[in-house]
Amino acid sequence: PFPPTLLDGLEGRDFDACSQCLLALPSLESLAPSSQSSTPPHLLSSQQGFLLRWLYDLKGVLVGGVKDASVETEHACPGDFVIELNHGNEPTFDAAAAAYGTVRAYHGSSLENFHCIMRCGLKSFSGTKRMNTGDVYGEGVYLSSDFRLARSFASRGKVWPASGLGTYITCVACCTIALHPKIKRQKETAKMAAGVGMPLNAIPHTYYVVPDPRYVRVESLLVIPDGPAPHASKRDPGAAATGSARRARAAETGD
């Protein structure tokens, strides 16, 4: 998906204009009027307004509440949070879930993929040039029963300069799988290190390979802020380093 107002005259995608528009966005706090401040809310350009409206239009998926990430996994750290997603009717998923049951699983991806994931759901790119991590267990969408393993496949990305979250964030999709018989399960023990020079830890988990994306639903996004905050008064500048250290210790000890 690409914002239609940022297509050039030949229907090509004007990535430079899109990038400049994003970089110039103010903080979201500055857009809302406040009874505690005499400063008027920040005014957006027409292009920024169109871009924000397009970003918020998720084609039938509604953003629900925001919760502390500890409700999703014991491996979350302070400052991590979950954005809930509310879906409309999905007859294929609902029928398979009722007939075969469900299981919770996680999917890690690059940050730049997550707007498309929120808007269109997870897609299988096995056997195509867009495949990133192979398909050793067959074609389909790959998910893990263990959050830590999914997190290892998630690449962080930069947020816009005025964001209150810091400089970088990482996202992991928290999903429900309808256990249709076509779905493959592969148990294995992954070897992961908490950091450079740290010992490997054994993490038993189950891979789920979903050949038909209609059998997986992205229920929420777990967001991991990581990096120095642009405004020290709004976020402890040592929080990112502390959070990274906690994640390293958690991975090292298995907590």
# chains A, B, ... in the order shown; residues from 1 in each chain; ligands from 1
>>> residues_around(residues="Tyr168 in chain A", least_positions_apart="6", cutoff="7 Å", atoms="only C-alpha atoms", output="PyMOL selection string")
chain A and resi 156-159+225-227
>>> select_by_dssp(residues="range 1-229 of chain A", states="alpha helix (DSSP H)", output="JSON, numbers by chain")
{"A": [15, 16, 17, 18, 19, 20, 21, 22, 23, 46, 47, 48, 49, 50, 51, 52, 53, 54, 55, 56, 91, 92, 93, 94, 95, 96, 97, 98, 99, 100, 114, 115, 116, 117, 118, 119, 120, 147, 148, 149, 150, 151, 152]}
>>> write_last_selection(atoms="C-alpha atoms", output="PDB file, in the first residue's frame")
ATOM      1  CA  PHE A  15       9.289   7.945  -1.976  1.00  0.00           C
ATOM      2  CA  ASP A  16      11.298  11.151  -1.521  1.00  0.00           C
ATOM      3  CA  ALA A  17       8.166  13.242  -1.017  1.00  0.00           C
ATOM      4  CA  CYS A  18       6.734  10.640   1.355  1.00  0.00           C
ATOM      5  CA  SER A  19       9.946  10.577   3.374  1.00  0.00           C
ATOM      6  CA  GLN A  20      10.088  14.370   3.640  1.00  0.00           C
ATOM      7  CA  CYS A  21       6.452  14.486   4.724  1.00  0.00           C
ATOM      8  CA  LEU A  22       7.060  11.924   7.461  1.00  0.00           C
ATOM      9  CA  LEU A  23      10.246  13.589   8.690  1.00  0.00           C
ATOM     10  CA  SER A  46      -2.567  19.416   3.664  1.00  0.00           C
ATOM     11  CA  GLN A  47      -0.132  16.711   2.544  1.00  0.00           C
ATOM     12  CA  GLN A  48       0.599  15.710   6.148  1.00  0.00           C
ATOM     13  CA  GLY A  49      -3.120  15.610   6.906  1.00  0.00           C
ATOM     14  CA  PHE A  50      -3.799  13.326   3.946  1.00  0.00           C
ATOM     15  CA  LEU A  51      -0.883  11.092   4.946  1.00  0.00           C
ATOM     16  CA  LEU A  52      -2.048  10.708   8.565  1.00  0.00           C
ATOM     17  CA  ARG A  53      -5.614   9.940   7.483  1.00  0.00           C
ATOM     18  CA  TRP A  54      -4.307   7.276   5.101  1.00  0.00           C
ATOM     19  CA  LEU A  55      -2.087   5.770   7.811  1.00  0.00           C
ATOM     20  CA  TYR A  56      -5.023   5.515  10.209  1.00  0.00           C
ATOM     21  CA  PRO A  91     -15.695 -16.307   8.064  1.00  0.00           C
ATOM     22  CA  THR A  92     -12.845 -18.615   6.992  1.00  0.00           C
ATOM     23  CA  PHE A  93     -10.836 -17.961  10.152  1.00  0.00           C
ATOM     24  CA  ASP A  94     -13.860 -18.120  12.449  1.00  0.00           C
ATOM     25  CA  ALA A  95     -15.101 -21.430  10.978  1.00  0.00           C
ATOM     26  CA  ALA A  96     -11.664 -23.060  11.233  1.00  0.00           C
ATOM     27  CA  ALA A  97     -11.170 -21.753  14.790  1.00  0.00           C
ATOM     28  CA  ALA A  98     -14.531 -23.195  15.857  1.00  0.00           C
ATOM     29  CA  ALA A  99     -13.830 -26.548  14.190  1.00  0.00           C
ATOM     30  CA  TYR A 100     -10.156 -27.099  15.116  1.00  0.00           C
ATOM     31  CA  PHE A 114       4.075  -3.469   9.848  1.00  0.00           C
ATOM     32  CA  HIS A 115       1.744  -0.906   8.324  1.00  0.00           C
ATOM     33  CA  CYS A 116       1.090  -3.364   5.509  1.00  0.00           C
ATOM     34  CA  ILE A 117       0.669  -6.197   8.062  1.00  0.00           C
ATOM     35  CA  MET A 118      -1.877  -4.137  10.013  1.00  0.00           C
ATOM     36  CA  ARG A 119      -3.714  -3.173   6.840  1.00  0.00           C
ATOM     37  CA  CYS A 120      -3.568  -6.444   4.869  1.00  0.00           C
ATOM     38  CA  PHE A 147       8.112 -14.650  21.687  1.00  0.00           C
ATOM     39  CA  ARG A 148      11.906 -14.518  22.039  1.00  0.00           C
ATOM     40  CA  LEU A 149      12.489 -16.447  18.826  1.00  0.00           C
ATOM     41  CA  ALA A 150      10.021 -14.289  16.886  1.00  0.00           C
ATOM     42  CA  ARG A 151      11.732 -11.196  18.328  1.00  0.00           C
ATOM     43  CA  SER A 152      15.044 -12.399  16.855  1.00  0.00           C
TER      44      SER A 152
END
>>> select_by_dssp(residues="range 15-202 of chain A", states="strand (DSSP E or B)", output="MDAnalysis selection string")
chainID A and resid 62:68 81:86 102:108 141:144 157:158 168:178 184:193 200:202
>>> residues_around(residues="Ala154 in chain A", least_positions_apart="6", cutoff="7 Å", atoms="only C-alpha atoms", output="PyMOL selection string")
chain A and resi 108-110+170-172
>>> write_last_selection(atoms="N, CA and C atoms", output="PDB file, in the first residue's frame")
ATOM      1  N   GLY A 108       7.910 -12.166  13.820  1.00  0.00           N
ATOM      2  CA  GLY A 108       8.793 -10.999  13.770  1.00  0.00           C
ATOM      3  C   GLY A 108       9.070 -10.588  12.344  1.00  0.00           C
ATOM      4  N   SER A 109       9.146  -9.281  12.111  1.00  0.00           N
ATOM      5  CA  SER A 109       9.418  -8.767  10.769  1.00  0.00           C
ATOM      6  C   SER A 109      10.079  -7.408  10.886  1.00  0.00           C
ATOM      7  N   SER A 110      10.532  -6.872   9.772  1.00  0.00           N
ATOM      8  CA  SER A 110      11.127  -5.533   9.759  1.00  0.00           C
ATOM      9  C   SER A 110      10.060  -4.489  10.047  1.00  0.00           C
ATOM     10  N   THR A 170      11.004  -1.587  17.599  1.00  0.00           N
ATOM     11  CA  THR A 170      10.892  -2.919  17.009  1.00  0.00           C
ATOM     12  C   THR A 170       9.474  -3.404  17.251  1.00  0.00           C
ATOM     13  N   CYS A 171       8.915  -4.157  16.300  1.00  0.00           N
ATOM     14  CA  CYS A 171       7.554  -4.690  16.448  1.00  0.00           C
ATOM     15  C   CYS A 171       7.541  -6.203  16.254  1.00  0.00           C
ATOM     16  N   VAL A 172       6.688  -6.858  17.025  1.00  0.00           N
ATOM     17  CA  VAL A 172       6.406  -8.281  16.858  1.00  0.00           C
ATOM     18  C   VAL A 172       4.894  -8.439  16.782  1.00  0.00           C
TER      19      VAL A 172
END
>>> residues_around(residues="Pro161 in chain A", least_positions_apart="4", cutoff="10 Å", atoms="only C-alpha atoms", output="number ranges by chain")
A: 22-27, 165-168, 229-230
>>> write_last_selection(atoms="all heavy atoms", output="compact mmCIF listing (two decimals), in the first residue's frame")
# COMPACT_ATOMS: atom_id res chain seq x y z
N LEU A 22 6.97 12.62 6.18
CA LEU A 22 7.06 11.92 7.46
C LEU A 22 8.06 12.59 8.39
O LEU A 22 7.81 12.76 9.60
CB LEU A 22 7.45 10.46 7.23
CG LEU A 22 6.38 9.55 6.65
CD1 LEU A 22 6.99 8.22 6.22
CD2 LEU A 22 5.28 9.31 7.66
N LEU A 23 9.21 12.97 7.86
CA LEU A 23 10.25 13.59 8.69
C LEU A 23 9.79 14.91 9.30
O LEU A 23 10.24 15.29 10.38
CB LEU A 23 11.52 13.80 7.86
CG LEU A 23 12.30 12.54 7.48
CD1 LEU A 23 13.43 12.89 6.51
CD2 LEU A 23 12.86 11.85 8.72
N ALA A 24 8.88 15.59 8.62
CA ALA A 24 8.43 16.90 9.09
C ALA A 24 7.23 16.82 10.03
O ALA A 24 6.78 17.85 10.53
CB ALA A 24 8.08 17.78 7.88
N LEU A 25 6.71 15.60 10.28
CA LEU A 25 5.56 15.49 11.17
C LEU A 25 5.93 15.95 12.59
O LEU A 25 6.99 15.61 13.10
CB LEU A 25 5.08 14.03 11.24
CG LEU A 25 4.26 13.51 10.07
CD1 LEU A 25 3.99 12.02 10.27
CD2 LEU A 25 2.96 14.27 9.92
N PRO A 26 5.04 16.70 13.24
CA PRO A 26 5.27 17.09 14.63
C PRO A 26 4.94 15.93 15.56
O PRO A 26 4.47 14.87 15.12
CB PRO A 26 4.29 18.25 14.83
CG PRO A 26 3.14 17.91 13.92
CD PRO A 26 3.77 17.24 12.72
N SER A 27 5.16 16.11 16.84
CA SER A 27 4.75 15.09 17.80
C SER A 27 3.22 15.04 17.83
O SER A 27 2.55 16.04 17.60
CB SER A 27 5.28 15.42 19.19
OG SER A 27 4.63 16.58 19.70
N LEU A 165 8.54 8.25 21.31
CA LEU A 165 8.97 6.89 21.66
C LEU A 165 10.48 6.72 21.65
O LEU A 165 10.98 5.70 22.08
CB LEU A 165 8.36 5.88 20.68
CG LEU A 165 6.84 5.74 20.74
CD1 LEU A 165 6.37 4.75 19.70
CD2 LEU A 165 6.40 5.30 22.13
N GLY A 166 11.21 7.70 21.15
CA GLY A 166 12.65 7.55 21.06
C GLY A 166 13.10 7.60 19.61
O GLY A 166 12.45 8.22 18.76
N THR A 167 14.19 6.92 19.32
CA THR A 167 14.77 6.95 17.98
C THR A 167 14.41 5.71 17.17
O THR A 167 14.17 5.80 15.96
CB THR A 167 16.30 7.08 18.06
OG1 THR A 167 16.62 8.24 18.84
CG2 THR A 167 16.91 7.24 16.68
N TYR A 168 14.38 4.56 17.81
CA TYR A 168 14.11 3.31 17.13
C TYR A 168 13.00 2.55 17.85
O TYR A 168 12.84 2.67 19.06
CB TYR A 168 15.35 2.41 17.10
CG TYR A 168 16.52 2.96 16.35
CD1 TYR A 168 17.52 3.68 17.01
CD2 TYR A 168 16.65 2.77 14.98
CE1 TYR A 168 18.61 4.19 16.33
CE2 TYR A 168 17.74 3.28 14.29
CZ TYR A 168 18.72 3.99 14.97
OH TYR A 168 19.79 4.49 14.30
N ALA A 229 15.64 8.97 23.72
CA ALA A 229 14.46 9.79 23.46
C ALA A 229 14.85 11.17 23.00
O ALA A 229 15.85 11.73 23.45
CB ALA A 229 13.62 9.90 24.73
N PRO A 230 14.09 11.79 22.08
CA PRO A 230 14.42 13.14 21.63
C PRO A 230 14.16 14.19 22.71
O PRO A 230 14.73 15.27 22.66
CB PRO A 230 13.50 13.35 20.43
CG PRO A 230 12.38 12.39 20.63
CD PRO A 230 12.96 11.22 21.35
>>> atom_distance(atom1="CA of Thr176 in chain A", atom2="CA of Asp57 in chain A")
22.5 Å
>>> closest_residue(among="A:Asp146, A:Asp14, A:Glu84, A:Glu188", to="Ser220 in chain A", atoms="only C-alpha atoms")
A:Glu84
>>> atom_distance(atom1="CA of Leu222 in chain A", atom2="CA of Val82 in chain A")
4.4 Å
>>> closest_atom_pairs(of="range 90-111 of chain A", to="range 59-81 of chain A", cutoff="12 Å", atoms="only C-alpha atoms", output="JSON lines")
{"residue": "A:Glu90", "atom": "CA", "partner": "A:Gly60", "partner_atom": "CA", "distance": 10.9}
{"residue": "A:Arg104", "atom": "CA", "partner": "A:Glu72", "partner_atom": "CA", "distance": 10.0}
{"residue": "A:Ala105", "atom": "CA", "partner": "A:Glu72", "partner_atom": "CA", "distance": 10.7}
{"residue": "A:Tyr106", "atom": "CA", "partner": "A:Glu72", "partner_atom": "CA", "distance": 10.4}
>>> atom_distance(atom1="CA of Ser145 in chain A", atom2="CA of Glu112 in chain A")
23.1 Å
>>> closest_atom_pairs(of="range 136-198 of chain A", to="range 210-213 of chain A", cutoff="7 Å", atoms="only C-alpha atoms", output="JSON lines")
{"residue": "A:Glu139", "atom": "CA", "partner": "A:Pro211", "partner_atom": "CA", "distance": 6.0}
{"residue": "A:Gly140", "atom": "CA", "partner": "A:Pro211", "partner_atom": "CA", "distance": 3.9}
{"residue": "A:Val141", "atom": "CA", "partner": "A:Val210", "partner_atom": "CA", "distance": 4.9}
{"residue": "A:Tyr142", "atom": "CA", "partner": "A:Val210", "partner_atom": "CA", "distance": 6.6}
{"residue": "A:Ile183", "atom": "CA", "partner": "A:Val210", "partner_atom": "CA", "distance": 5.0}
{"residue": "A:Lys184", "atom": "CA", "partner": "A:Val210", "partner_atom": "CA", "distance": 6.8}
>>> decode(residues="range 49-142 of chain A", atoms="C-alpha atoms", output="PDB file, in the first residue's frame")
ATOM      1  CA  GLY A  49      -3.120  15.610   6.906  1.00  0.00           C
ATOM      2  CA  PHE A  50      -3.799  13.326   3.946  1.00  0.00           C
ATOM      3  CA  LEU A  51      -0.883  11.092   4.946  1.00  0.00           C
ATOM      4  CA  LEU A  52      -2.048  10.708   8.565  1.00  0.00           C
ATOM      5  CA  ARG A  53      -5.614   9.940   7.483  1.00  0.00           C
ATOM      6  CA  TRP A  54      -4.307   7.276   5.101  1.00  0.00           C
ATOM      7  CA  LEU A  55      -2.087   5.770   7.811  1.00  0.00           C
ATOM      8  CA  TYR A  56      -5.023   5.515  10.209  1.00  0.00           C
ATOM      9  CA  ASP A  57      -7.328   3.937   7.602  1.00  0.00           C
ATOM     10  CA  LEU A  58      -6.603   0.231   8.099  1.00  0.00           C
ATOM     11  CA  LYS A  59      -9.361  -1.104   5.819  1.00  0.00           C
ATOM     12  CA  GLY A  60     -11.693  -2.601   8.402  1.00  0.00           C
ATOM     13  CA  VAL A  61      -9.170  -3.173  11.173  1.00  0.00           C
ATOM     14  CA  LEU A  62      -9.710  -0.873  14.140  1.00  0.00           C
ATOM     15  CA  VAL A  63      -7.034   0.061  16.649  1.00  0.00           C
ATOM     16  CA  GLY A  64      -8.261  -0.868  20.126  1.00  0.00           C
ATOM     17  CA  GLY A  65      -6.589  -0.142  23.437  1.00  0.00           C
ATOM     18  CA  VAL A  66      -2.939   0.146  24.389  1.00  0.00           C
ATOM     19  CA  LYS A  67      -1.724  -2.079  27.225  1.00  0.00           C
ATOM     20  CA  ASP A  68       1.469  -2.908  29.040  1.00  0.00           C
ATOM     21  CA  ALA A  69       3.288  -5.674  27.170  1.00  0.00           C
ATOM     22  CA  SER A  70       3.414  -7.877  30.271  1.00  0.00           C
ATOM     23  CA  VAL A  71      -0.191  -8.920  29.480  1.00  0.00           C
ATOM     24  CA  GLU A  72       1.147 -10.631  26.336  1.00  0.00           C
ATOM     25  CA  THR A  73       4.459 -12.184  27.419  1.00  0.00           C
ATOM     26  CA  GLU A  74       6.579 -12.578  30.531  1.00  0.00           C
ATOM     27  CA  HIS A  75       9.603 -11.669  28.430  1.00  0.00           C
ATOM     28  CA  ALA A  76       8.522  -8.051  27.923  1.00  0.00           C
ATOM     29  CA  CYS A  77      10.480  -5.250  29.566  1.00  0.00           C
ATOM     30  CA  PRO A  78       9.292  -2.020  31.215  1.00  0.00           C
ATOM     31  CA  GLY A  79       8.364   0.484  28.509  1.00  0.00           C
ATOM     32  CA  ASP A  80       7.238  -2.162  25.994  1.00  0.00           C
ATOM     33  CA  PHE A  81       3.548  -1.962  25.095  1.00  0.00           C
ATOM     34  CA  VAL A  82       0.843  -3.723  23.098  1.00  0.00           C
ATOM     35  CA  ILE A  83      -1.487  -2.129  20.523  1.00  0.00           C
ATOM     36  CA  GLU A  84      -4.681  -4.148  20.225  1.00  0.00           C
ATOM     37  CA  LEU A  85      -6.333  -4.646  16.826  1.00  0.00           C
ATOM     38  CA  ASN A  86     -10.048  -5.338  16.359  1.00  0.00           C
ATOM     39  CA  HIS A  87     -11.092  -7.246  13.247  1.00  0.00           C
ATOM     40  CA  GLY A  88     -14.423  -7.524  11.519  1.00  0.00           C
ATOM     41  CA  ASN A  89     -16.036 -10.759  10.399  1.00  0.00           C
ATOM     42  CA  GLU A  90     -13.554 -13.279   8.971  1.00  0.00           C
ATOM     43  CA  PRO A  91     -15.695 -16.307   8.064  1.00  0.00           C
ATOM     44  CA  THR A  92     -12.845 -18.615   6.992  1.00  0.00           C
ATOM     45  CA  PHE A  93     -10.836 -17.961  10.152  1.00  0.00           C
ATOM     46  CA  ASP A  94     -13.860 -18.120  12.449  1.00  0.00           C
ATOM     47  CA  ALA A  95     -15.101 -21.430  10.978  1.00  0.00           C
ATOM     48  CA  ALA A  96     -11.664 -23.060  11.233  1.00  0.00           C
ATOM     49  CA  ALA A  97     -11.170 -21.753  14.790  1.00  0.00           C
ATOM     50  CA  ALA A  98     -14.531 -23.195  15.857  1.00  0.00           C
ATOM     51  CA  ALA A  99     -13.830 -26.548  14.190  1.00  0.00           C
ATOM     52  CA  TYR A 100     -10.156 -27.099  15.116  1.00  0.00           C
ATOM     53  CA  GLY A 101      -9.291 -24.758  17.983  1.00  0.00           C
ATOM     54  CA  THR A 102      -6.658 -22.032  18.156  1.00  0.00           C
ATOM     55  CA  VAL A 103      -3.170 -21.338  19.480  1.00  0.00           C
ATOM     56  CA  ARG A 104      -1.204 -18.175  20.238  1.00  0.00           C
ATOM     57  CA  ALA A 105       1.978 -17.537  18.233  1.00  0.00           C
ATOM     58  CA  TYR A 106       4.316 -14.701  17.249  1.00  0.00           C
ATOM     59  CA  HIS A 107       5.793 -13.324  14.031  1.00  0.00           C
ATOM     60  CA  GLY A 108       8.793 -10.999  13.770  1.00  0.00           C
ATOM     61  CA  SER A 109       9.418  -8.767  10.769  1.00  0.00           C
ATOM     62  CA  SER A 110      11.127  -5.533   9.759  1.00  0.00           C
ATOM     63  CA  LEU A 111       9.492  -2.400  11.108  1.00  0.00           C
ATOM     64  CA  GLU A 112       8.710  -1.063   7.628  1.00  0.00           C
ATOM     65  CA  ASN A 113       6.461  -4.079   6.979  1.00  0.00           C
ATOM     66  CA  PHE A 114       4.075  -3.469   9.848  1.00  0.00           C
ATOM     67  CA  HIS A 115       1.744  -0.906   8.324  1.00  0.00           C
ATOM     68  CA  CYS A 116       1.090  -3.364   5.509  1.00  0.00           C
ATOM     69  CA  ILE A 117       0.669  -6.197   8.062  1.00  0.00           C
ATOM     70  CA  MET A 118      -1.877  -4.137  10.013  1.00  0.00           C
ATOM     71  CA  ARG A 119      -3.714  -3.173   6.840  1.00  0.00           C
ATOM     72  CA  CYS A 120      -3.568  -6.444   4.869  1.00  0.00           C
ATOM     73  CA  GLY A 121      -2.622  -9.150   7.386  1.00  0.00           C
ATOM     74  CA  LEU A 122       0.310 -11.543   7.159  1.00  0.00           C
ATOM     75  CA  LYS A 123       1.183 -12.832   3.698  1.00  0.00           C
ATOM     76  CA  SER A 124       3.297 -15.725   2.503  1.00  0.00           C
ATOM     77  CA  PHE A 125       6.197 -14.836   0.203  1.00  0.00           C
ATOM     78  CA  SER A 126       7.729 -18.319   0.158  1.00  0.00           C
ATOM     79  CA  GLY A 127       9.335 -19.089  -3.174  1.00  0.00           C
ATOM     80  CA  THR A 128       9.326 -15.447  -4.299  1.00  0.00           C
ATOM     81  CA  LYS A 129      12.040 -12.791  -4.452  1.00  0.00           C
ATOM     82  CA  ARG A 130      10.465 -11.140  -1.415  1.00  0.00           C
ATOM     83  CA  MET A 131      11.217 -14.157   0.805  1.00  0.00           C
ATOM     84  CA  ASN A 132      13.714 -13.144   3.513  1.00  0.00           C
ATOM     85  CA  THR A 133      14.416 -16.113   5.793  1.00  0.00           C
ATOM     86  CA  GLY A 134      13.850 -19.283   3.761  1.00  0.00           C
ATOM     87  CA  ASP A 135      11.134 -21.940   3.855  1.00  0.00           C
ATOM     88  CA  VAL A 136      12.879 -24.989   5.295  1.00  0.00           C
ATOM     89  CA  TYR A 137       9.570 -26.449   6.556  1.00  0.00           C
ATOM     90  CA  GLY A 138       7.580 -25.659   3.423  1.00  0.00           C
ATOM     91  CA  GLU A 139       5.742 -22.673   1.991  1.00  0.00           C
ATOM     92  CA  GLY A 140       3.647 -20.423   4.190  1.00  0.00           C
ATOM     93  CA  VAL A 141       3.687 -17.792   6.926  1.00  0.00           C
ATOM     94  CA  TYR A 142       6.112 -18.758   9.705  1.00  0.00           C
TER      95      TYR A 142
END
